[in-house]
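The structure appears below as structure tokens.
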Amino acid sequence: MSKKIIDSPKEFKEIIGQSLGTTDWKLVTQKEIDSFANATEDYQWIHVDKEKVIKDSPFKKTIAHGYYSLSLIPKFIDEIWECKNLKLILNYGAEKIRFISPVICNSYIRANIIVLDAKDYKGGILLSSKVTVEIKSQKKPALYAETLSLLYY
């Protein structure tokens, strides 16, 4: 996978509707799920109780927190594109987030990013992107999110 290089935040205006790329596959491990549970204090059994899930979960394995998969978006962005002549990038929010399919422990996920819009905003460029996090060997993705980033140059 090669990273897409953007010369200036203004260049995003010229590539609306285009895919910026897809990341390599990333393995989601129980160690990462447990670390996220510790960071967020979300210890719901479906994520952390390996014995209970065998008995009570339809998946028979733990699943990653939906917000864990969502929290990987900055990592995925860093893998997919780099903008030169950029002073600062701020997460500005999300318009839509949908958790479609659970990410079962030891699954592989990857992201694809498409530029939805780019416009002048507050002295920078407000970039709207559609991020799809896919699960290897599954038809339905883990999640869709329309993210907003404020790029200052």
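Lettering and numbering for the structure tokens are positional, with chains as A, B, ... in the shown order, residues counted from 1 in each chain, and ligands counted from 1 in the shown order.
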If you run DSSP on the backbone, which residues of chain A are alpha helix (DSSP H), as a compact mmCIF listing (two decimals) with C-alpha atoms, in the first residue's frame?
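The resulting result.txt:
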```
# COMPACT_ATOMS: atom_id res chain seq x y z
CA GLN A 30 -7.87 -9.70 22.83
CA LYS A 31 -4.98 -7.71 24.30
CA GLU A 32 -6.14 -4.63 22.34
CA ILE A 33 -9.77 -5.22 23.31
CA ASP A 34 -8.77 -5.52 26.99
CA SER A 35 -6.62 -2.39 26.78
CA PHE A 36 -9.54 -0.46 25.30
CA ALA A 37 -11.82 -1.80 28.04
CA ASN A 38 -9.34 -0.56 30.65
CA ALA A 39 -9.01 2.85 29.00
CA THR A 40 -12.78 3.37 28.76
CA TRP A 45 -18.82 -9.30 29.19
CA ILE A 46 -19.21 -9.57 25.40
CA HIS A 47 -15.80 -7.86 25.14
CA VAL A 48 -13.78 -9.30 28.01
CA LYS A 50 -13.86 -15.35 27.29
CA GLU A 51 -15.68 -18.08 29.26
CA LYS A 52 -19.10 -16.40 29.28
CA VAL A 53 -19.04 -15.67 25.53
CA ILE A 54 -18.53 -19.37 24.76
CA LYS A 55 -21.71 -20.14 26.67
CA ASP A 56 -23.89 -17.06 26.09
CA GLY A 66 -17.57 -0.56 18.34
CA TYR A 67 -15.82 2.53 19.63
CA TYR A 68 -12.49 0.70 19.48
CA SER A 69 -12.91 0.20 15.74
CA LEU A 70 -13.99 3.84 15.45
CA SER A 71 -10.95 4.98 17.45
CA ILE A 73 -9.76 5.93 12.20
CA PRO A 74 -6.86 8.37 12.91
CA LYS A 75 -4.41 5.45 12.53
CA PHE A 76 -6.07 4.45 9.27
CA ILE A 77 -5.99 8.05 7.99
CA ASP A 78 -2.28 8.21 8.74
CA GLU A 79 -1.74 5.03 6.73
CA ILE A 80 -3.80 6.22 3.75
```
| task | Find the residues around Lys136 in chain A up to 10 Å (only C-alpha atoms counted), leave out those fewer than 5 positions away in its own chain, and share them as a list of chain:residue names. | result |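 Close residues of Lys136 in chain A: A:Trp25, A:Lys26, A:Leu27, A:Val103, A:Ser107, A:Tyr108, A:Ile109, A:Arg110, A:Pro141, A:Ala142.
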For the residues in the current selection, export N, CA and C atoms as an mmCIF file, in the first residue's frame.
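Writing done, so here's again.cif:
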```
data_model
loop_
_atom_site.group_PDB
_atom_site.id
_atom_site.type_symbol
_atom_site.label_atom_id
_atom_site.label_comp_id
_atom_site.auth_asym_id
_atom_site.auth_seq_id
_atom_site.Cartn_x
_atom_site.Cartn_y
_atom_site.Cartn_z
ATOM 1 N N TRP A 25 -4.531 -4.893 6.110
ATOM 2 C CA TRP A 25 -5.342 -5.544 7.130
ATOM 3 C C TRP A 25 -4.664 -5.426 8.487
ATOM 4 N N LYS A 26 -5.474 -5.210 9.527
ATOM 5 C CA LYS A 26 -4.988 -5.119 10.904
ATOM 6 C C LYS A 26 -5.693 -6.175 11.754
ATOM 7 N N LEU A 27 -4.905 -6.969 12.466
ATOM 8 C CA LEU A 27 -5.442 -7.980 13.365
ATOM 9 C C LEU A 27 -5.938 -7.314 14.654
ATOM 10 N N VAL A 103 -16.898 -6.922 15.259
ATOM 11 C CA VAL A 103 -15.539 -7.364 14.946
ATOM 12 C C VAL A 103 -15.176 -8.418 15.984
ATOM 13 N N SER A 107 -10.113 -11.164 14.335
ATOM 14 C CA SER A 107 -10.485 -10.831 12.959
ATOM 15 C C SER A 107 -9.518 -9.780 12.440
ATOM 16 N N TYR A 108 -9.496 -9.652 11.128
ATOM 17 C CA TYR A 108 -8.712 -8.607 10.476
ATOM 18 C C TYR A 108 -9.651 -7.544 9.952
ATOM 19 N N ILE A 109 -9.269 -6.282 10.160
ATOM 20 C CA ILE A 109 -10.048 -5.166 9.631
ATOM 21 C C ILE A 109 -9.143 -4.244 8.828
ATOM 22 N N ARG A 110 -9.757 -3.464 7.959
ATOM 23 C CA ARG A 110 -9.045 -2.435 7.209
ATOM 24 C C ARG A 110 -10.031 -1.324 6.891
ATOM 25 N N PRO A 141 -19.575 -4.516 6.320
ATOM 26 C CA PRO A 141 -18.474 -3.874 7.044
ATOM 27 C C PRO A 141 -18.737 -3.814 8.538
ATOM 28 N N ALA A 142 -17.682 -3.515 9.280
ATOM 29 C CA ALA A 142 -17.816 -3.291 10.725
ATOM 30 C C ALA A 142 -18.551 -1.978 10.974
#
```
| field | Nearest to Ile15 in chain A, chosen from A:Ser128, A:Ser101, A:Ser57, A:Ser137, with only C-alpha atoms counted in the distances | value | A:Ser128
| message | Report as a VMD selection string all protein, DNA and RNA residues lying within 12 Å of Lys119 in chain A, evaluated on only C-alpha atoms, omitting residues in the same chain fewer than 4 positions from it. | response | chain A and resid 9 to 16 115 123 to 128 148 to 152
Could those selected residues go to a file with C-alpha atoms, as a compact mmCIF listing (two decimals), in the first residue's frame?
```txt
# COMPACT_ATOMS: atom_id res chain seq x y z
CA PRO A 9 -5.37 21.00 1.98
CA LYS A 10 -6.97 22.96 -0.88
CA GLU A 11 -6.22 19.99 -3.16
CA PHE A 12 -8.98 17.99 -1.43
CA LYS A 13 -11.49 20.23 -3.26
CA GLU A 14 -10.26 18.72 -6.54
CA ILE A 15 -10.73 15.08 -5.50
CA ILE A 16 -14.27 15.09 -4.06
CA VAL A 115 -13.50 12.32 0.08
CA GLY A 123 -9.51 29.79 8.01
CA GLY A 124 -8.86 26.21 6.88
CA ILE A 125 -10.43 23.42 4.91
CA LEU A 126 -13.27 21.37 6.37
CA LEU A 127 -12.78 17.87 4.99
CA SER A 128 -15.68 15.45 5.06
CA LEU A 148 -15.04 15.84 9.68
CA SER A 149 -11.49 17.13 9.87
CA LEU A 150 -10.42 20.76 9.98
CA LEU A 151 -7.16 21.24 8.10
CA TYR A 152 -5.12 24.42 8.66
```
| message | Give me, as JSON, numbers by chain, all polymer residues having an atom no more than 10 Å from Trp81 in chain A, counting only C-alpha atoms and skipping those fewer than 4 positions away in the same chain. | response | {"A": [2, 3, 4, 5, 6, 20, 21, 22, 23, 76, 77, 113]}
| Taking only C-alpha atoms into account, which of A:Ile114, A:Cys83, A:Ile104, A:Gly17 comes nearest Tyr153 in chain A? | A:Cys83
